[in-house]
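**Student:** First, the structure itself, so that you have it in front of you.
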Amino acid sequence: MGKGLTTRRMVVAGVLGAISILLGITRLGYIPVPTPAGNATIMHVPAVIGGIIEGPVVGLIIGLIFGVSSFLNASIPLFKDPLVSIVPRLFIGVVAFLVYIGLKRFNKYVAIGAAGFFGSLTNTVFVLAVAVARGYFTLPVALGVAIANGLPEAIVSVIVTLAVVAPWKKIGASRKKKSKIS
Amino acid sequence: MAAEPIIDVQHLEHTYMKGTPFVHQALTGVSITVYSGECVAIIGHTGSGKSTLVQHFNGLILPQKGKVIVDGADLSDKKTDMKGLRQKVGLVFQDPESQIFESLVGDEIAYGPFKMGWPIKDVRDAVKGAMEMAGLPFDAMKDRPTAALSGGQKRKVALAGVLALKPKILVLDEPTAGLDPRSGMELLGRLKTLNEQEHLTIVFISHHLEEVAYLADRIYVLDHGKNIGEGSPATLFSNKKMLEKYRIGTPETVDILYRLQDAGFSVNVAHYGIAEVASQICSILEHGPRRDRYDTV
Amino acid sequence: MTRFEWSRKITIGHYIPIDSIIHRLDSSCKLLGFTVLIVAIAFCNSYFGNVLFFTFALFLFVLSRLPIRYGLSGIKPAIPFMVILAVLQLLFYGGGVTASGTVYIHYSFLLITSDSVRLVVVSAMRFVEIILVSSVLTLSTPETELMHGMERLLKPLKYIRFPVHQFSLIIMIAVRFVPTFAMEMEKLMKAQASRGAAFGTGRWWQIIRRTKDMFPLMIPLFRSAMARADDLVLAMECRCFVPGQSRTTYRRGKARSRDFSFLLIIIGFSLFALFYPFPG
Ligand SMILES: Nc1ncnc2c1ncn2[C@@H]1O[C@H](COP(=O)(O)OP(=O)(O)O)[C@@H](O)[C@H]1O
Ligand SMILES: [Mg+2]
């Protein structure tokens with residue numbers, strides 16, 4: 001990855017940032033789950049994708065956009081705290097990038113999926129860690145939320161990331177070679 | 001023409017964004033009737049309300065004012081079964097390839113049938129039939145990755161995805177827009193076959209009068225949210241006053257005929273098929289009164 | 001009205017155009033001041049400090065002449081969550097590692113101490129204060145003003161080689177594209193509904209189904225975003241856009257002494273409420 005904000009990186013960061021904002025203000029990015037953290041969200045997926053395809057800086061900026069918009073749109077106490085809603089998001093795209101770079105030598109397809117998974121996990125773990133440190137949740141509650149929210153989030157993240165990034169990186173189809181109707 | 005109306009729209013009005021400063025009345029009173037087995041074209045300027053109108057046919061937009069009756073079901077009635085309606089009326093949006101999300105062609109086309117909860121065998125048959133109708137060989141294409149298809153193939157996949165629901169009525173919003181001319185022609189041919197051999201009722205929106213002339217039994221002209229003209233291509237294209245008033249273009253062949261007429265030759269504008277025009281021009285060249293006004297021709 | 005018609009109604013900002021001292025503040029001073037205030041509130045753990053911040057937040061609302069119901073409307077839907085949170089904190093936090101202070105109740109696993117009560121009260125108050133303060137900011141400033149304010153605020157960072165222009169441009173692209181993608185999304189929802197998708201009909205416990213329902217929307221949405229990015233890059237490069245090259249900007253007002261005094265007051269107040277060693 002070269003250095004600096006090229007035109008392409010700026011545009012990708014902006015466009016994916018827009019999706020993150022859109023998913024937040026329309027609530028389309030929420031999967032309601034019954035936990036005190038409210039909804040599982042897929043608003044972090046743009047940061048994951050940005051991190052993989054354009055590097056850590058782009059991932060970080062999209063994370064920041066996601067963080068600020070989730071802070072401004074927050075309707076529950078947990079996320080009306082900038083330390084919970086902004087700071088942890090900065091790491092999503094960076095982690096996704098690192099995982100992708102680390103694994104792509106072995107298998108690009110797996111690397112993308114893993115980046116989607118760990119990017120999502122970064123969001124879940126960091127948010128909950130700050131939430132515990134700030135006294136919103138105790139550890140057992142946080143673990144419950146991690147499973148109820150984090151799991152669907154990670155699944156969506158892996159599948160959407162793969163579906164978007166793999167064709168974009170011109171990586172041949174999935175290992176799935178037969179359609180369901182075969 | 002079969003005499004039984006399958007879509008009946010009466011005095012339909014639709015206002016977008018009611019109660020906001022951006023309120024905009026897109027339909028101001030449309031009445032159209034489509035008979036079973038027909039192929040109807042809807043033409044009109046951008047913004048005349050064509051897309052808004054056809055989205056009423058499968059209940060994506062419900063009538064605010066006026067009546068929409070589709071295959072006997074009144075869409076104003078809250079009890080109308082929307083899922084059934086969407087199965088019966090297949091709506092193909094503009095640029096439908098942008099809605100593809102599965103990684104394999106077969107799965108993409110099977111999405112609708114699976115959503116309908118059909119058993120797997122029926123799904124398979126429906127997908128197979130739809131692919132054949134859309135011009136995609138089933139065995140060769142069903143396990144292809146969607147990402148690697150050409151633009152024309154993607155559109156066929158999208159069309160097959162709608163046909164797989166076995167609709168009675170097929171509605172298409174600008175079906176050839178953005179396709180290369182050859183894929184466009186091929187698609188039109190397939191639609192013609194669907195209409196003539198599978199007896200599918202077809203309603204399509206188009207800007208290309210050539211394709212309207214080729215495909216449609218009847219045309220509705222929309223302007224500012226109203227239907228302002230109706231008729232067979234032949235009667236409509238020979239109504240020069242209306243064409244001019246609403247600045248509707250004409251197929252090139254009709255254009256040629258009008259210019260011949262203006263130049264004083266006697267031609268029949270209602271016979272605007274390419275072969276017919278060619279023979280009219282030939283007969284002018286052979287017997288026609290030659291004039292010294294080539295400059296206008 | 002149907003549930004598909006929403007894309008053109010969405011708004012990013014919630015600006016209410018009335019006139020007040022707060023509305024007239026220079027946007028970069030306003031942005032900086034409110035950011036300091038929000039961060040200070042987030043770190044404030046004392047009863048006294050929070051009472052001060054709460055009073056100050058109300059005072060800002062009054063100054064801005066915005067109807068208070070706009071502030072309250074952000075709080076009402078959160079009440080159930082606040083209650084659940086308070087109960088969780090009360091029940092379980094007493095035994096947490098950080099807990100100390102006077103023990104009020106100790107009954108088997110239930111341990112309520114002065115610290116856990118403080119935690120409950122303080123987090124609820126902080127939430128209300130931040131809602132009020134951030135609503136004053138977003139209700140009194142149009143989003144374009146916010147962006148300009150941000151750009152001017154970041155300008156000094158140029159000297160530490162922070163890419164201010166690029167950063168501002170990214171934010172501008174993001175905000176500009178939200179309505180575009182909203183329409184795209186509406187079209188996608190309609191298109192998928194036309195082939196049998198039924199969004200939002202799954203029950204709340206059908207998490208897998210609701211998760212799967214997202215794919216037909218999210219995958220095409222992201223794809224189209226990437227395609228649009230490609231187009232935009234091409235368009236910008238054809239117009240010889242050079243990232244980071246300084247552009248001509250037109251100045252929108254200049255911060256005046258009034259704006260600076262506002263900023264000083266807010267910073268001073270925040271530091272005081274945050275660090276003054278109140279008793280208790
Ligand atoms: N979802 C919408 N919200 C608000 N206005 C709309 C929406 N869709 C279309 N319009 C407006 O309604 C009018 C008719 O649009 P449309 O039916 O798409 O026309 P056509 O398909 O003939 O070009 C246009 O002025 C358009 O801007
Ligand atoms: Mg249209």
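In the structure tokens, the first chain shown is A, the next is B, and so on; residue numbers restart at 1 for each chain, and ligands run from 1 in the order shown.
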Taking only C-alpha atoms into account, what are the residues of chain A at most 8 Å from chain B, put as a PyMOL selection string?

**Tutor:** chain A and resi 163+167+173-174+177-182

**Student:** Would you output that residue set with C-alpha atoms, as an mmCIF file, in the first residue's frame?

**Tutor:**
data_model
loop_
_atom_site.group_PDB
_atom_site.id
_atom_site.type_symbol
_atom_site.label_atom_id
_atom_site.label_comp_id
_atom_site.auth_asym_id
_atom_site.auth_seq_id
_atom_site.Cartn_x
_atom_site.Cartn_y
_atom_site.Cartn_z
ATOM 1 C CA ALA A 163 -19.611 -10.466 -1.475
ATOM 2 C CA PRO A 167 -15.389 -9.541 -6.971
ATOM 3 C CA ALA A 173 -15.767 -17.047 -7.215
ATOM 4 C CA SER A 174 -16.269 -18.475 -3.817
ATOM 5 C CA LYS A 177 -19.370 -23.964 -6.823
ATOM 6 C CA LYS A 178 -22.911 -25.285 -6.966
ATOM 7 C CA SER A 179 -26.092 -23.304 -6.596
ATOM 8 C CA LYS A 180 -28.694 -24.461 -4.120
ATOM 9 C CA ILE A 181 -30.951 -25.738 -6.844
ATOM 10 C CA SER A 182 -28.421 -28.143 -8.328
#

**Student:** As a quick test: using only C-alpha atoms and all ligand atoms, which residues lie no more than 12 Å away from ligand 2? Give them as a ChimeraX atom specification.

**Tutor:** /B:26,42-55,92-95,172-175,177,204-207,222 /C:187

**Student:** Going by DSSP on the backbone, which bits of stretch 25-95 of chain C are alpha helix (DSSP H)? Write them as a PyMOL selection string, please.

**Tutor:** chain C and resi 27-43+47-64+68-75+79-93

**Student:** Contacts between ligand 1 and chain C, please, where a residue of chain C counts if it comes within 10 Å (with only C-alpha atoms and all ligand atoms); show its shortest atom pair and distance in Å to one decimal, rows by chain and ascending number, as JSON lines.

**Tutor:**
{"residue": "C:Phe4", "atom": "CA", "partner": "ligand 1", "partner_atom_place_in_ligand_line": "1 (N)", "distance": 8.0}
{"residue": "C:Glu5", "atom": "CA", "partner": "ligand 1", "partner_atom_place_in_ligand_line": "1 (N)", "distance": 5.5}
{"residue": "C:Trp6", "atom": "CA", "partner": "ligand 1", "partner_atom_place_in_ligand_line": "1 (N)", "distance": 7.1}
{"residue": "C:Ser7", "atom": "CA", "partner": "ligand 1", "partner_atom_place_in_ligand_line": "1 (N)", "distance": 6.5}
{"residue": "C:Arg8", "atom": "CA", "partner": "ligand 1", "partner_atom_place_in_ligand_line": "3 (N)", "distance": 5.6}
{"residue": "C:Lys9", "atom": "CA", "partner": "ligand 1", "partner_atom_place_in_ligand_line": "3 (N)", "distance": 8.1}
{"residue": "C:Ala182", "atom": "CA", "partner": "ligand 1", "partner_atom_place_in_ligand_line": "1 (N)", "distance": 10.0}
{"residue": "C:Met183", "atom": "CA", "partner": "ligand 1", "partner_atom_place_in_ligand_line": "1 (N)", "distance": 7.2}
{"residue": "C:Glu186", "atom": "CA", "partner": "ligand 1", "partner_atom_place_in_ligand_line": "1 (N)", "distance": 7.6}
{"residue": "C:Lys187", "atom": "CA", "partner": "ligand 1", "partner_atom_place_in_ligand_line": "1 (N)", "distance": 8.4}

**Student:** For those residues, write N, CA and C atoms to a file as a PDB file, in the first residue's frame.

**Tutor:**
ATOM      1  N   PHE C   4     -42.427   2.293   1.467  1.00  0.00           N
ATOM      2  CA  PHE C   4     -41.265   2.393   0.596  1.00  0.00           C
ATOM      3  C   PHE C   4     -40.870   3.836   0.319  1.00  0.00           C
ATOM      4  N   GLU C   5     -41.743   4.762   0.638  1.00  0.00           N
ATOM      5  CA  GLU C   5     -41.468   6.141   0.267  1.00  0.00           C
ATOM      6  C   GLU C   5     -40.801   6.882   1.401  1.00  0.00           C
ATOM      7  N   TRP C   6     -39.514   6.773   1.470  1.00  0.00           N
ATOM      8  CA  TRP C   6     -38.875   7.494   2.564  1.00  0.00           C
ATOM      9  C   TRP C   6     -37.607   8.207   2.126  1.00  0.00           C
ATOM     10  N   SER C   7     -37.051   7.801   0.968  1.00  0.00           N
ATOM     11  CA  SER C   7     -35.674   8.211   0.694  1.00  0.00           C
ATOM     12  C   SER C   7     -35.508   9.720   0.620  1.00  0.00           C
ATOM     13  N   ARG C   8     -36.488  10.420   0.079  1.00  0.00           N
ATOM     14  CA  ARG C   8     -36.259  11.851  -0.099  1.00  0.00           C
ATOM     15  C   ARG C   8     -36.607  12.636   1.154  1.00  0.00           C
ATOM     16  N   LYS C   9     -37.102  11.921   2.160  1.00  0.00           N
ATOM     17  CA  LYS C   9     -37.466  12.635   3.374  1.00  0.00           C
ATOM     18  C   LYS C   9     -36.351  12.657   4.396  1.00  0.00           C
ATOM     19  N   ALA C 182     -29.643   6.921  -0.400  1.00  0.00           N
ATOM     20  CA  ALA C 182     -30.979   6.698   0.151  1.00  0.00           C
ATOM     21  C   ALA C 182     -31.941   6.344  -0.974  1.00  0.00           C
ATOM     22  N   MET C 183     -31.828   7.066  -2.103  1.00  0.00           N
ATOM     23  CA  MET C 183     -32.714   6.754  -3.225  1.00  0.00           C
ATOM     24  C   MET C 183     -32.394   5.389  -3.811  1.00  0.00           C
ATOM     25  N   GLU C 186     -33.921   2.855  -1.631  1.00  0.00           N
ATOM     26  CA  GLU C 186     -35.370   2.751  -1.810  1.00  0.00           C
ATOM     27  C   GLU C 186     -35.684   1.933  -3.050  1.00  0.00           C
ATOM     28  N   LYS C 187     -34.933   2.190  -4.117  1.00  0.00           N
ATOM     29  CA  LYS C 187     -35.154   1.438  -5.350  1.00  0.00           C
ATOM     30  C   LYS C 187     -34.856  -0.046  -5.127  1.00  0.00           C
TER      31      LYS C 187
END

**Student:** Each residue of chain A with at least one atom at most 8 Å from chain C should appear once, together with its nearest atom pair and the corresponding distance in Å (one decimal); atoms considered: only C-alpha atoms; ordering: chain, then increasing residue number; output as a Markdown table.

**Tutor:**
| residue | atom | partner | partner_atom | distance |
| --- | --- | --- | --- | --- |
| A:Leu5 | CA | C:Pro243 | CA | 7.2 |
| A:Thr6 | CA | C:Pro243 | CA | 6.3 |
| A:Thr7 | CA | C:Pro243 | CA | 5.8 |
| A:Arg8 | CA | C:Val233 | CA | 5.7 |
| A:Met10 | CA | C:Ile170 | CA | 5.5 |
| A:Val11 | CA | C:Ala229 | CA | 5.9 |
| A:Val12 | CA | C:Ala229 | CA | 5.8 |
| A:Ala13 | CA | C:Ile170 | CA | 6.4 |
| A:Gly14 | CA | C:Ala174 | CA | 4.3 |
| A:Val15 | CA | C:Ala174 | CA | 5.4 |
| A:Leu16 | CA | C:Ala225 | CA | 7.0 |
| A:Gly17 | CA | C:Ala174 | CA | 5.3 |
| A:Ala18 | CA | C:Ala174 | CA | 4.2 |
| A:Ile19 | CA | C:Val178 | CA | 6.7 |
| A:Ile21 | CA | C:Val178 | CA | 7.0 |
| A:Leu22 | CA | C:Val178 | CA | 5.7 |
| A:Ile25 | CA | C:Ile12 | CA | 7.3 |
| A:Thr26 | CA | C:Ile10 | CA | 7.4 |
| A:Ile31 | CA | C:Arg210 | CA | 6.7 |
| A:Pro32 | CA | C:Trp204 | CA | 6.6 |
| A:Val33 | CA | C:Trp204 | CA | 6.8 |
| A:Pro34 | CA | C:Trp204 | CA | 7.9 |
| A:Pro36 | CA | C:Phe81 | CA | 6.6 |
| A:Ile65 | CA | C:Ile171 | CA | 7.9 |
| A:Leu72 | CA | C:Ser134 | CA | 7.2 |
| A:Ser75 | CA | C:Ala78 | CA | 5.8 |
| A:Ile76 | CA | C:Ala78 | CA | 5.2 |
| A:Pro77 | CA | C:Phe127 | CA | 5.3 |
| A:Lys80 | CA | C:Phe127 | CA | 6.2 |
| A:Asp81 | CA | C:Ala42 | CA | 6.2 |
| A:Pro82 | CA | C:Ala42 | CA | 7.1 |
| A:Leu83 | CA | C:Ala42 | CA | 7.5 |
| A:Gly135 | CA | C:Leu119 | CA | 7.1 |
| A:Tyr136 | CA | C:Gln89 | CA | 6.7 |
| A:Phe137 | CA | C:Gln89 | CA | 6.7 |
| A:Thr138 | CA | C:Tyr93 | CA | 6.3 |
| A:Pro152 | CA | C:Thr211 | CA | 6.8 |
| A:Val156 | CA | C:Thr211 | CA | 6.8 |
| A:Val160 | CA | C:Ile219 | CA | 5.8 |
| A:Ala163 | CA | C:Ile219 | CA | 6.5 |
| A:Val164 | CA | C:Arg223 | CA | 6.0 |

**Student:** Between atom CA of B:Tyr246 and atom CA of B:Lys226, measure the distance and give it in Å to one decimal.

**Tutor:**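 That distance, rounded to one decimal, is 12.3 Å.
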
**Student:** Tell me, as a ChimeraX atom specification, which residues lie within 12 Å of A:Gly55, counting only C-alpha atoms; anything in the same chain fewer than 6 positions away does not count.

**Tutor:** /A:1-6,8-10,12-13,47-49,61-62,92-101

**Student:** Give the answer as one residue: which of B:Phe237, B:Trp118, B:Tyr35, B:Tyr258 has the shortest atom-to-atom distance to chain C, using only C-alpha atoms?

**Tutor:**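 Residue with the minimum atom-to-atom distance to chain C: B:Trp118.
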
**Student:** For chain C against chain B, with a cut-off of 7 Å and counting only C-alpha atoms, what is the closest atom pair and its distance in Å to one decimal for every residue that makes the cut, ordered by chain and number, as a Markdown table?

**Tutor:**
| residue | atom | partner | partner_atom | distance |
| --- | --- | --- | --- | --- |
| C:Thr2 | CA | B:Ile61 | CA | 6.2 |
| C:Leu188 | CA | B:Gln99 | CA | 6.2 |
| C:Lys190 | CA | B:Leu60 | CA | 6.6 |
| C:Ala191 | CA | B:Phe93 | CA | 6.3 |
| C:Ser194 | CA | B:Arg86 | CA | 5.7 |
| C:Arg195 | CA | B:Gly112 | CA | 5.0 |
| C:Gly196 | CA | B:Gly112 | CA | 5.2 |
| C:Ala197 | CA | B:Lys115 | CA | 6.5 |
| C:Pro216 | CA | B:Phe101 | CA | 5.6 |
| C:Ile219 | CA | B:Phe101 | CA | 5.7 |
| C:Pro220 | CA | B:Gln99 | CA | 5.7 |

**Student:** Assign secondary structure with DSSP using the backbone only, and return the residues of stretch 31-123 of chain B in strand (DSSP E) as a PyMOL selection string.

**Tutor:** chain B and resi 31-35+39-44+65-70+73-74+89-92

**Student:** Write out as a PyMOL selection string the residues lying within 12 Å of C:Lys30, counting only C-alpha atoms and excluding same-chain residues fewer than 6 positions away.

**Tutor:** chain C and resi 21-24+36-37+60+133-134+136-138+140-141+145-150+152-153+255-256+258-267

**Student:** Just the selected residues (N, CA, C and O atoms), exported as a compact mmCIF listing (two decimals), in the first residue's frame, please.

**Tutor:**
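Below is the file that was written, out_28.txt:
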# COMPACT_ATOMS: atom_id res chain seq x y z
N ILE C 21 -28.58 34.04 19.97
CA ILE C 21 -27.13 34.22 20.14
C ILE C 21 -26.40 32.97 19.69
O ILE C 21 -25.39 33.02 19.01
N ILE C 22 -26.93 31.83 20.10
CA ILE C 22 -26.26 30.56 19.78
C ILE C 22 -26.25 30.34 18.27
O ILE C 22 -25.26 29.90 17.70
N HIS C 23 -27.37 30.64 17.61
CA HIS C 23 -27.42 30.45 16.16
C HIS C 23 -26.38 31.31 15.45
O HIS C 23 -25.87 30.95 14.40
N ARG C 24 -26.13 32.49 16.03
CA ARG C 24 -25.27 33.43 15.33
C ARG C 24 -23.78 33.20 15.60
O ARG C 24 -22.95 33.84 14.98
N VAL C 36 -15.61 20.45 23.45
CA VAL C 36 -14.97 20.48 24.78
C VAL C 36 -16.00 20.15 25.85
O VAL C 36 -15.77 19.33 26.75
N LEU C 37 -17.16 20.79 25.73
CA LEU C 37 -18.19 20.60 26.73
C LEU C 37 -18.62 19.13 26.81
O LEU C 37 -18.74 18.55 27.90
N LEU C 60 -28.00 26.76 27.98
CA LEU C 60 -27.72 26.85 26.54
C LEU C 60 -29.01 26.69 25.74
O LEU C 60 -29.23 27.38 24.74
N VAL C 133 -27.01 19.08 25.11
CA VAL C 133 -25.93 19.87 24.50
C VAL C 133 -25.79 19.55 23.01
O VAL C 133 -25.72 20.46 22.17
N SER C 134 -25.80 18.25 22.68
CA SER C 134 -25.61 17.94 21.26
C SER C 134 -26.83 18.36 20.45
O SER C 134 -26.70 18.71 19.28
N VAL C 136 -28.56 21.09 21.03
CA VAL C 136 -28.40 22.53 20.78
C VAL C 136 -27.47 22.75 19.59
O VAL C 136 -27.77 23.52 18.68
N LEU C 137 -26.38 21.98 19.57
CA LEU C 137 -25.43 22.15 18.46
C LEU C 137 -26.07 21.82 17.12
O LEU C 137 -26.02 22.62 16.18
N THR C 138 -26.68 20.65 17.00
CA THR C 138 -27.19 20.25 15.67
C THR C 138 -28.46 21.01 15.30
O THR C 138 -28.73 21.19 14.12
N SER C 140 -29.04 24.13 15.99
CA SER C 140 -28.79 25.55 15.72
C SER C 140 -27.77 25.77 14.60
O SER C 140 -27.48 26.91 14.28
N THR C 141 -27.24 24.70 14.03
CA THR C 141 -26.22 24.88 12.98
C THR C 141 -26.56 24.02 11.77
O THR C 141 -26.71 22.81 11.90
N GLU C 145 -22.63 24.47 7.54
CA GLU C 145 -21.89 25.32 8.45
C GLU C 145 -20.99 24.50 9.35
O GLU C 145 -19.85 24.88 9.63
N LEU C 146 -21.52 23.38 9.80
CA LEU C 146 -20.72 22.49 10.66
C LEU C 146 -19.46 22.06 9.92
O LEU C 146 -18.37 22.04 10.49
N MET C 147 -19.64 21.74 8.64
CA MET C 147 -18.48 21.27 7.88
C MET C 147 -17.47 22.38 7.69
O MET C 147 -16.27 22.17 7.83
N HIS C 148 -17.97 23.59 7.38
CA HIS C 148 -17.03 24.70 7.23
C HIS C 148 -16.32 24.99 8.54
O HIS C 148 -15.12 25.25 8.56
N GLY C 149 -17.10 24.94 9.60
CA GLY C 149 -16.52 25.18 10.92
C GLY C 149 -15.40 24.19 11.19
O GLY C 149 -14.32 24.56 11.66
N MET C 150 -15.69 22.93 10.86
CA MET C 150 -14.69 21.89 11.11
C MET C 150 -13.43 22.16 10.30
O MET C 150 -12.32 22.06 10.80
N ARG C 152 -12.26 24.96 9.18
CA ARG C 152 -11.46 26.09 9.70
C ARG C 152 -10.78 25.72 11.01
O ARG C 152 -9.68 26.16 11.31
N LEU C 153 -11.49 24.91 11.78
CA LEU C 153 -10.94 24.50 13.06
C LEU C 153 -9.68 23.65 12.88
O LEU C 153 -8.74 23.74 13.65
N ALA C 255 -14.50 34.78 13.08
CA ALA C 255 -14.82 34.76 14.49
C ALA C 255 -14.55 36.14 15.08
O ALA C 255 -13.54 36.76 14.81
N ARG C 256 -15.52 36.61 15.87
CA ARG C 256 -15.33 37.91 16.50
C ARG C 256 -15.11 37.72 17.99
O ARG C 256 -15.17 36.61 18.50
N ARG C 258 -16.98 38.22 20.38
CA ARG C 258 -18.07 37.56 21.07
C ARG C 258 -17.91 36.04 21.00
O ARG C 258 -18.13 35.32 21.97
N ASP C 259 -17.51 35.56 19.82
CA ASP C 259 -17.34 34.12 19.66
C ASP C 259 -16.22 33.59 20.56
O ASP C 259 -16.34 32.54 21.16
N PHE C 260 -15.14 34.40 20.65
CA PHE C 260 -14.03 33.94 21.48
C PHE C 260 -14.42 33.95 22.96
O PHE C 260 -14.04 33.05 23.70
N SER C 261 -15.21 34.97 23.36
CA SER C 261 -15.61 34.97 24.78
C SER C 261 -16.47 33.76 25.08
O SER C 261 -16.33 33.11 26.12
N PHE C 262 -17.36 33.43 24.13
CA PHE C 262 -18.19 32.24 24.32
C PHE C 262 -17.31 31.01 24.53
O PHE C 262 -17.50 30.22 25.46
N LEU C 263 -16.32 30.89 23.67
CA LEU C 263 -15.42 29.74 23.73
C LEU C 263 -14.71 29.70 25.07
O LEU C 263 -14.64 28.65 25.74
N LEU C 264 -14.20 30.88 25.51
CA LEU C 264 -13.49 30.93 26.79
C LEU C 264 -14.40 30.54 27.94
O LEU C 264 -14.01 29.79 28.83
N ILE C 265 -15.63 31.07 27.89
CA ILE C 265 -16.57 30.75 28.98
C ILE C 265 -16.79 29.25 29.04
O ILE C 265 -16.71 28.63 30.11
N ILE C 266 -17.06 28.66 27.89
CA ILE C 266 -17.35 27.22 27.89
C ILE C 266 -16.16 26.42 28.39
O ILE C 266 -16.29 25.53 29.23
N ILE C 267 -14.96 26.77 27.92
CA ILE C 267 -13.79 26.00 28.35
C ILE C 267 -13.54 26.21 29.84
O ILE C 267 -13.33 25.25 30.59

**Student:** How many Å separate atom CA of C:Arg161 from atom CA of A:Ser85?

**Tutor:**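 Between atom CA of C:Arg161 and atom CA of A:Ser85 the gap works out to 26.9 Å.
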
**Student:** What gap, in Å, lies between atom CA of A:Thr124 and atom CA of A:Gly150?

**Tutor:** 5.7 Å
